[in-house]
Amino acid sequence: MLDESFYSKADEILNRYPAQERSLIPIIHEIQETYNYVPVELLPYVAKHIGITETKAYSVASFYERFSFEPKGKFIIRVCDGTACHVRQSLPVLERLRSELGLSEKKHTTDDMLFTVETVSCLGACSLAPALMVNEHVHPAMTPDKATALVKELREEAAKS
Amino acid sequence: MIKIKSHEELNTLQKNFEDGIKNEPVRILVCAGTGCQASGSLKVWEKMCELAKDTKISVEFAPEVAHDHNHPAVHKSGCLGFCEQGPLVRIEPLGVLYTKVKPEDCEEIFEKTVKQNEVVNRLLYKNKITGEECFNQSEIPFYKGQTRVVLKTCGTIDPESIEEAIAAGEYQALAKALFTMTQDEVIKTVLDSKLRGRGGGGFVAGKKWQQVAGQPEKIRYVVCNGDEGDPGAFMDCSIMEGDPHRMIEGMIIAAYAVGAQEGYIYVRAEYPLAVKRLTNAIKQATEYGLLGDNILGSGFSFRLNINRGAGAFVCGEGSALTASIEGKRGMPRVKPPRTVEQGLFGKPTVLNNVETYANVPQIILSGADWYRSIGTENSPGTKTFALTGAVRNTGLVEVPFGITPREIIFNIGGGIRDDKKFKAVQIGGPSGGCLTEKQLDEPLDFDSVKKLGVIVGSGGLVVMDESTCMVEVARFFMEFTHRESCGKCVPCREGTLRMLEILERIVAGQGEMEDIDKLRTLADLIIHTALCGLGKSAPLPVVSTLNSFLDEYIEHIQNKKCPAHVCQKLKQYIIDKEKCKSCSKCARGCPVQAISGAPKVPYEIDQDKCIKCGACMAACPFKAIYVA
């Protein structure tokens with residue numbers, strides 16, 4: 001059972017959209033942006049509000065790659081594995097990040113909830129391949145060593161705040 | 001803000017804004033596209049703003065107009081395309097283009113260029129072959145071969161300012177259409193221009209418009225596909241970020257032509273900057289009365305919404321995209337009925353991509369004949385390409401149709417990086433294929449490349465050199481399409497998985513010769529039976545590499561060798577006996593005890609035990625271990 005605050009926050013979001021099926025995806029986007037993930041318990045609540053079934057809300061939320069039912073870290077690192085990045089060696093960067101943070105193909109988020117490492121199909125920064133994105137900021141021309149330095153930098157940033 | 005209520009008011013406003021820009025004694029444009037921002041252009045912009053505040057400039061070298069500003073103007077510009085050389089800074093009226101500018105360079109730029117009109121030579125682009133310094137854009141080989149129609153103002157105006165867009169003449173085509181043309185005349189002009197959809201299919205845009213206009217249902221929609229999901233493509237991203245008003249104007253003209261009341265732009269969630277700029281552009285256009293009720297006082301009304309994608313490649317397919325806007329799973333449906341008959345919310349819908357809409361205003365302004373004078377007979381106009389991979393100059397380019405891939409790669413792109421040998425260029429992303437050396441002199445247009453078994457697609461050009469393994473590339477694309485398959489139809493869901501399994505076997509050295517026939521059979525089956533265009537084209541990268549690089553497949557299967565030394569499992573780590581000093585570091589680092597030796601005897605790797613992890617190579621202090 002979620003804390004009451006989740007529902008009041010959801011109400012705030014729901015009130016910004018017409019209570020229609022077409023609002024579902026924008027609402028889930030906003031929920032994810034608020035919590036860094038989609039608390040699955042909120043879906044029935046959203047579904048009821050916009051007049052669709054729970055199963056439908058769940059089927060949509062689970063379909064899209066971007067939505068996650070698992071809480072994500074403070075820093076979401078999306079390593080681009082688009083064609084241009086792939087041929088310019090994006091995988092060694094991904095491997096370094098994973099080994100640096102003790103993550104794997106199955107485990108995406110560190111236990112301290114600081115880092116989530118994922119791959120993404122293309123960031124549109126192909127001229128600066130290989131690229132990765134930390135939250136909404138693109139880092140160009142990555143190498144495994146730069147990845148190590150980036151993790152260190154982000155850890156320091158987190159320690160400061 | 002006052003709403004513009006007539007064509008005359010728009011003209012007056014344009015004149016005012018134009019004068020405003022001319023009055024800026026010095027104009028500093030810092031590229032703020034995704035690429036340059038990633039290279040740190042915002043810090044350059046901040047530093048420039050700071051310096052501009054403290055700088056009063058003499059105006060001796062300014063253009064011959066009245067001056068009422070005493071400070072240089074600093075603007076963020078849209079993508080200039082030469083992302084690799086970023087951050088890019090352009091200074092007008094001098095017209096100089098500086099590359100790889102850092103915040104610490106700004107003071108020198110101010111002292112010399114802004115105050116004294118002198119060039120900072122070390123920041124100029126140097127021709128990679130002749131070493132010559134290039135003063136402005138037109139001297140740089142990367143720009144020389146280009147024809148910029150869609151990207152005309154991208155990079156010269158501030159994409160966050162509608163005033164600059166209006167000054168550059170944007171929304172004039174809309175006014176022309178609304179006040180001097182009937183809906184049928186607009187459609188006829190677009191039809192006559194032979195503008196073809198830039199999203200990949202190349203369907204004639206005017207035909208779609210005509211079909212929607214002819215439907216009995218009066219509620220109609222105009223939708224823009226900005227879900228540029230192809231890996232290795234960022235053309236639409238640059239247009240949405242760099243000149244959002246041009247594309248919006250194109251959409252409003254389409255809406256007028258087909259009698260639509262509402263429109264949607266569907267943008268990838270991976271493009272946060274594009275979403276931000278479009279949202280801002282729609283807000284500004286609405287405030288000026290260029291969107292919303294009674295546009296420019298013409299009586300025509302049109303509202304525009306933005307929908308963000310959520311990371312599903314399949315949503316680039318028309319019916320999946322409209323389903324996603326409706327709040328459903330983004331899955332394609334069986335056609336007919338087609339989108340023009342029953343599209344968004346079951347109503348007639350014009351669905352074009354970003355670049356297609358961005359072409360419309362210039363066609364309306366300059367006419368169909370002018371448009372057809374660019375490009376080839378059946379593929380008129382220009383195409384933007386994202387030139388990436390193993391090429392010297394990467395970035396966004398716009399070229400007329402009919403240009404050869406060789407011109408793009410070797411003239412504009414400057415040839416292959418590190419003097420390596422060209423191997424192939426991948427065109428059309430996961431729905432396309434590879435062009436080889438032999439095919440480099442064929443014209444690049446919708447119909448010619450189709451004959452070569454590939455598609456123009458959305459415009460990704462990924463150049464590959466001899467260090468790329470084509471079997472691995474085929475596996476990479478198959479993994480992508482399999483992962484992105486929506487799962488609705490069996491041929492795509494299961495077929496791509498079976499093809500992927502075979503390719504994984506081959507790159508691991510476990511392939512058999514009959515796998516090649518199996519791949520061809522499966523490909524044929526998927527191409528003919530999958531539900532949507534994405535499924536139908538999913539096997540094309542495999543078919544294309546099988547046709548052009550069969551010998552590489554055979555090398556992997558029969559000799560268990562990867563000629564490009566890419567496939568991990570087929571690598572052979574070998575110790576150079578001459579260089580080995582028998583220090584035993586490699587043996588101690590080997591996780592499977594595959595290395596043996598003795599003092600003063602060179603060490604050796606047991607290839608049967610080796611798991612190809614590369615630990616020995618990393619551990620060797622004498623660089624005695626190499627990959628064969």
# chains A, B, ... in the order shown; residues from 1 in each chain; ligands from 1

$ select_by_dssp --residues "chain A" --states "alpha helix (DSSP H)" --output "PyMOL selection string"
chain A and resi 4-14+24-35+42-50+54-63+83-87+91-101+144-160

$ residues_around --residues "Cys85 (chain A)" --least-positions-apart "4" --cutoff "7 Å" --atoms "only C-alpha atoms" --output "JSON, numbers by chain"
{"A": [80, 81, 89, 90, 126, 129, 130, 131]}

$ write_last_selection --atoms "all heavy atoms" --output "PDB file, in the first residue's frame"
ATOM      1  N   CYS A  80      24.288   4.984 -25.257  1.00  0.00           N
ATOM      2  CA  CYS A  80      23.730   4.837 -26.591  1.00  0.00           C
ATOM      3  C   CYS A  80      24.375   3.642 -27.276  1.00  0.00           C
ATOM      4  O   CYS A  80      25.596   3.507 -27.300  1.00  0.00           O
ATOM      5  CB  CYS A  80      23.963   6.097 -27.421  1.00  0.00           C
ATOM      6  SG  CYS A  80      23.235   5.958 -29.052  1.00  0.00           S
ATOM      7  N   ASP A  81      23.536   2.760 -27.811  1.00  0.00           N
ATOM      8  CA  ASP A  81      24.047   1.663 -28.619  1.00  0.00           C
ATOM      9  C   ASP A  81      23.407   1.722 -30.004  1.00  0.00           C
ATOM     10  O   ASP A  81      22.990   0.728 -30.569  1.00  0.00           O
ATOM     11  CB  ASP A  81      23.807   0.312 -27.931  1.00  0.00           C
ATOM     12  CG  ASP A  81      24.635  -0.796 -28.572  1.00  0.00           C
ATOM     13  OD1 ASP A  81      25.711  -0.484 -29.121  1.00  0.00           O
ATOM     14  OD2 ASP A  81      24.198  -1.948 -28.554  1.00  0.00           O
ATOM     15  N   GLN A  89      32.514   1.686 -30.944  1.00  0.00           N
ATOM     16  CA  GLN A  89      32.880   1.059 -29.676  1.00  0.00           C
ATOM     17  C   GLN A  89      32.144   1.583 -28.438  1.00  0.00           C
ATOM     18  O   GLN A  89      32.752   2.067 -27.489  1.00  0.00           O
ATOM     19  CB  GLN A  89      34.404   1.174 -29.436  1.00  0.00           C
ATOM     20  CG  GLN A  89      35.254   0.559 -30.527  1.00  0.00           C
ATOM     21  CD  GLN A  89      35.024  -0.947 -30.640  1.00  0.00           C
ATOM     22  OE1 GLN A  89      35.002  -1.656 -29.653  1.00  0.00           O
ATOM     23  NE2 GLN A  89      34.801  -1.418 -31.857  1.00  0.00           N
ATOM     24  N   SER A  90      30.805   1.456 -28.457  1.00  0.00           N
ATOM     25  CA  SER A  90      30.059   1.848 -27.272  1.00  0.00           C
ATOM     26  C   SER A  90      30.028   0.740 -26.229  1.00  0.00           C
ATOM     27  O   SER A  90      29.898   1.005 -25.035  1.00  0.00           O
ATOM     28  CB  SER A  90      28.626   2.224 -27.653  1.00  0.00           C
ATOM     29  OG  SER A  90      28.013   1.158 -28.338  1.00  0.00           O
ATOM     30  N   CYS A 126      24.839  11.210 -32.872  1.00  0.00           N
ATOM     31  CA  CYS A 126      25.660  10.250 -33.602  1.00  0.00           C
ATOM     32  C   CYS A 126      26.993  10.816 -34.072  1.00  0.00           C
ATOM     33  O   CYS A 126      27.945  10.085 -34.254  1.00  0.00           O
ATOM     34  CB  CYS A 126      24.899   9.721 -34.806  1.00  0.00           C
ATOM     35  SG  CYS A 126      23.164   9.427 -34.503  1.00  0.00           S
ATOM     36  N   ALA A 129      29.782  10.153 -31.534  1.00  0.00           N
ATOM     37  CA  ALA A 129      29.761   8.786 -31.024  1.00  0.00           C
ATOM     38  C   ALA A 129      31.114   8.376 -30.454  1.00  0.00           C
ATOM     39  O   ALA A 129      32.130   8.857 -30.946  1.00  0.00           O
ATOM     40  CB  ALA A 129      29.371   7.838 -32.160  1.00  0.00           C
ATOM     41  N   PRO A 130      31.125   7.493 -29.468  1.00  0.00           N
ATOM     42  CA  PRO A 130      29.965   6.991 -28.735  1.00  0.00           C
ATOM     43  C   PRO A 130      29.514   7.972 -27.646  1.00  0.00           C
ATOM     44  O   PRO A 130      30.351   8.576 -26.996  1.00  0.00           O
ATOM     45  CB  PRO A 130      30.475   5.699 -28.105  1.00  0.00           C
ATOM     46  CG  PRO A 130      31.957   5.832 -28.053  1.00  0.00           C
ATOM     47  CD  PRO A 130      32.374   6.812 -29.089  1.00  0.00           C
ATOM     48  N   ALA A 131      28.208   8.091 -27.508  1.00  0.00           N
ATOM     49  CA  ALA A 131      27.668   9.062 -26.560  1.00  0.00           C
ATOM     50  C   ALA A 131      26.886   8.355 -25.460  1.00  0.00           C
ATOM     51  O   ALA A 131      26.471   7.211 -25.605  1.00  0.00           O
ATOM     52  CB  ALA A 131      26.743  10.028 -27.296  1.00  0.00           C
TER      53      ALA A 131
END

$ atom_distance --atom1 "CA of Ile77 (chain A)" --atom2 "CA of His29 (chain A)"
18.1 Å

$ closest_atom_pairs --of "region 18-81 of chain A" --to "region 2-10 of chain A" --cutoff "12 Å" --atoms "only C-alpha atoms" --output "Markdown table"
| residue | atom | partner | partner_atom | distance |
| --- | --- | --- | --- | --- |
| A:Ile27 | CA | A:Ala10 | CA | 8.7 |
| A:Ile28 | CA | A:Ala10 | CA | 9.8 |
| A:His29 | CA | A:Ala10 | CA | 11.7 |
| A:Glu30 | CA | A:Ala10 | CA | 9.1 |
| A:Ile31 | CA | A:Ala10 | CA | 7.2 |
| A:Gln32 | CA | A:Ala10 | CA | 10.8 |
| A:Glu33 | CA | A:Ala10 | CA | 11.8 |
| A:Thr34 | CA | A:Lys9 | CA | 8.8 |
| A:Tyr35 | CA | A:Phe6 | CA | 9.4 |
| A:Val38 | CA | A:Phe6 | CA | 10.8 |
| A:Pro39 | CA | A:Leu2 | CA | 8.4 |
| A:Val40 | CA | A:Leu2 | CA | 9.8 |
| A:Glu41 | CA | A:Leu2 | CA | 7.1 |
| A:Leu42 | CA | A:Tyr7 | CA | 7.4 |
| A:Leu43 | CA | A:Ala10 | CA | 10.0 |
| A:Pro44 | CA | A:Tyr7 | CA | 11.2 |
| A:Tyr45 | CA | A:Tyr7 | CA | 8.1 |
| A:Val46 | CA | A:Ala10 | CA | 7.8 |
| A:Ala47 | CA | A:Ala10 | CA | 11.6 |
| A:His49 | CA | A:Ala10 | CA | 10.4 |

$ closest_residue --among "A:Leu103, A:Val87, A:Ile52, A:Ile76" --to "chain B" --atoms "only C-alpha atoms"
A:Val87

$ interface_residues --of "chain B" --to "chain A" --cutoff "7 Å" --atoms "only C-alpha atoms" --output "list of chain:residue names"
B:Thr34, B:Gly35, B:Ala38, B:Ser39, B:Cys83, B:Glu84, B:Pro231, B:Gly232, B:Ala233, B:Phe234, B:Cys237, B:Glu270, B:Ala310, B:Gly311, B:Ala312, B:Ile325, B:Glu326, B:Gly327, B:Lys328, B:Arg329, B:Thr388, B:Gly389, B:Thr394, B:Gly395, B:Val462, B:Thr468

$ write_last_selection --atoms "N, CA and C atoms" --output "mmCIF file, in the first residue's frame"
data_model
loop_
_atom_site.group_PDB
_atom_site.id
_atom_site.type_symbol
_atom_site.label_atom_id
_atom_site.label_comp_id
_atom_site.auth_asym_id
_atom_site.auth_seq_id
_atom_site.Cartn_x
_atom_site.Cartn_y
_atom_site.Cartn_z
ATOM 1 N N THR B 34 21.876 19.622 -29.922
ATOM 2 C CA THR B 34 22.245 18.557 -28.974
ATOM 3 C C THR B 34 23.745 18.279 -29.002
ATOM 4 N N GLY B 35 24.317 18.231 -30.211
ATOM 5 C CA GLY B 35 25.727 17.911 -30.354
ATOM 6 C C GLY B 35 26.620 18.944 -29.708
ATOM 7 N N ALA B 38 26.377 19.091 -25.998
ATOM 8 C CA ALA B 38 27.116 18.001 -25.368
ATOM 9 C C ALA B 38 28.601 18.339 -25.299
ATOM 10 N N SER B 39 29.078 19.104 -26.261
ATOM 11 C CA SER B 39 30.492 19.496 -26.239
ATOM 12 C C SER B 39 30.722 20.739 -25.385
ATOM 13 N N CYS B 83 28.652 18.984 -36.221
ATOM 14 C CA CYS B 83 28.653 18.712 -34.786
ATOM 15 C C CYS B 83 30.021 18.278 -34.269
ATOM 16 N N GLU B 84 30.753 17.584 -35.108
ATOM 17 C CA GLU B 84 32.008 17.039 -34.659
ATOM 18 C C GLU B 84 33.009 18.134 -34.299
ATOM 19 N N PRO B 231 18.347 3.983 -35.281
ATOM 20 C CA PRO B 231 19.637 4.317 -34.685
ATOM 21 C C PRO B 231 20.576 4.867 -35.759
ATOM 22 N N GLY B 232 21.266 5.940 -35.448
ATOM 23 C CA GLY B 232 22.183 6.532 -36.422
ATOM 24 C C GLY B 232 21.521 7.603 -37.254
ATOM 25 N N ALA B 233 20.406 8.171 -36.785
ATOM 26 C CA ALA B 233 19.717 9.222 -37.543
ATOM 27 C C ALA B 233 19.320 10.347 -36.589
ATOM 28 N N PHE B 234 19.611 11.586 -36.970
ATOM 29 C CA PHE B 234 19.216 12.692 -36.095
ATOM 30 C C PHE B 234 18.817 13.933 -36.890
ATOM 31 N N CYS B 237 15.576 15.499 -35.521
ATOM 32 C CA CYS B 237 15.928 16.083 -34.229
ATOM 33 C C CYS B 237 16.499 17.479 -34.447
ATOM 34 N N GLU B 270 13.459 10.646 -26.114
ATOM 35 C CA GLU B 270 14.924 10.762 -26.016
ATOM 36 C C GLU B 270 15.421 12.124 -26.522
ATOM 37 N N ALA B 310 7.504 7.012 -25.856
ATOM 38 C CA ALA B 310 7.966 6.432 -24.602
ATOM 39 C C ALA B 310 8.918 5.277 -24.876
ATOM 40 N N GLY B 311 9.747 5.480 -25.893
ATOM 41 C CA GLY B 311 10.812 4.510 -26.134
ATOM 42 C C GLY B 311 10.381 3.271 -26.897
ATOM 43 N N ALA B 312 9.408 3.400 -27.807
ATOM 44 C CA ALA B 312 9.036 2.250 -28.620
ATOM 45 C C ALA B 312 9.309 2.584 -30.083
ATOM 46 N N ILE B 325 -0.858 7.944 -29.622
ATOM 47 C CA ILE B 325 -1.452 9.248 -29.281
ATOM 48 C C ILE B 325 -2.816 9.031 -28.607
ATOM 49 N N GLU B 326 -3.515 7.970 -29.037
ATOM 50 C CA GLU B 326 -4.831 7.697 -28.464
ATOM 51 C C GLU B 326 -4.740 7.141 -27.042
ATOM 52 N N GLY B 327 -3.512 6.843 -26.587
ATOM 53 C CA GLY B 327 -3.342 6.317 -25.233
ATOM 54 C C GLY B 327 -3.307 4.802 -25.191
ATOM 55 N N LYS B 328 -3.018 4.183 -26.345
ATOM 56 C CA LYS B 328 -3.002 2.718 -26.399
ATOM 57 C C LYS B 328 -1.577 2.198 -26.563
ATOM 58 N N ARG B 329 -1.442 0.864 -26.545
ATOM 59 C CA ARG B 329 -0.147 0.273 -26.881
ATOM 60 C C ARG B 329 0.168 0.637 -28.327
ATOM 61 N N THR B 388 27.598 9.708 -40.300
ATOM 62 C CA THR B 388 28.301 9.309 -39.078
ATOM 63 C C THR B 388 29.171 8.088 -39.337
ATOM 64 N N GLY B 389 29.816 7.629 -38.304
ATOM 65 C CA GLY B 389 30.637 6.431 -38.401
ATOM 66 C C GLY B 389 32.084 6.764 -38.699
ATOM 67 N N THR B 394 31.880 14.195 -39.481
ATOM 68 C CA THR B 394 30.537 13.698 -39.217
ATOM 69 C C THR B 394 29.619 14.884 -38.992
ATOM 70 N N GLY B 395 28.325 14.665 -39.187
ATOM 71 C CA GLY B 395 27.379 15.741 -38.922
ATOM 72 C C GLY B 395 26.140 15.641 -39.778
ATOM 73 N N VAL B 462 25.654 5.558 -42.094
ATOM 74 C CA VAL B 462 26.723 5.162 -41.182
ATOM 75 C C VAL B 462 27.838 4.539 -42.001
ATOM 76 N N THR B 468 35.268 -2.932 -39.465
ATOM 77 C CA THR B 468 33.901 -3.303 -39.094
ATOM 78 C C THR B 468 33.589 -4.693 -39.629
#

$ atom_distance --atom1 "CA of Gln172 (chain B)" --atom2 "CA of Gly226 (chain B)"
23.7 Å

$ select_by_dssp --residues "region 57-141 of chain A" --states "strand (DSSP E)" --output "list in words"
Phe75, Ile76, Ile77, Arg78, Val79, Cys80, Phe115, Thr116, Val117, Glu118, Thr119, Val120, Leu132, Met133, Val134, His137, Val138 and His139 of chain A

$ residues_around --residues "Met181 (chain B)" --least-positions-apart "4" --cutoff "12 Å" --atoms "only C-alpha atoms" --output "list in words"
Ala173, Leu174, Ala175, Lys176, Ala177, Glu185, Val186, Ile187, Lys188, Thr189, Ile253, Tyr256, Ala257, Ser298, Ile364 and Leu365 of chain B

$ closest_residue --among "B:Leu10, B:Gly250, B:Leu51, B:Asn307" --to "Ala167 (chain B)" --atoms "only C-alpha atoms"
B:Leu10

$ residues_around --residues "region 551-561 of chain B" --least-positions-apart "4" --cutoff "6 Å" --atoms "only C-alpha atoms" --output "PyMOL selection string"
chain B and resi 509+511-512+570

$ atom_distance --atom1 "CA of Lys22 (chain B)" --atom2 "CA of Val360 (chain B)"
27.4 Å

$ closest_residue --among "B:Leu522, B:Ala615, B:Ile625, B:Ile28" --to "Ile574 (chain B)" --atoms "only C-alpha atoms"
B:Ile625

$ residues_around --residues "Gln284 (chain B)" --least-positions-apart "2" --cutoff "12 Å" --atoms "only C-alpha atoms" --output "ChimeraX atom specification"
/B:1-4,159-166,244-245,248,277-282,286-292

$ residues_around --residues "Glu442 (chain B)" --least-positions-apart "2" --cutoff "6 Å" --atoms "only C-alpha atoms" --output "list in words"
Thr404, Gln439 and Leu440 of chain B

$ write_last_selection --atoms "C-alpha atoms" --output "JSON list (two decimals), in the first residue's frame"
[["chain", "number", "residue", "atom", "x", "y", "z"],
["B", 404, "THR", "CA", 26.27, 9.99, -55.33],
["B", 439, "GLN", "CA", 27.75, 1.10, -55.72],
["B", 440, "LEU", "CA", 29.23, 4.41, -54.58]]
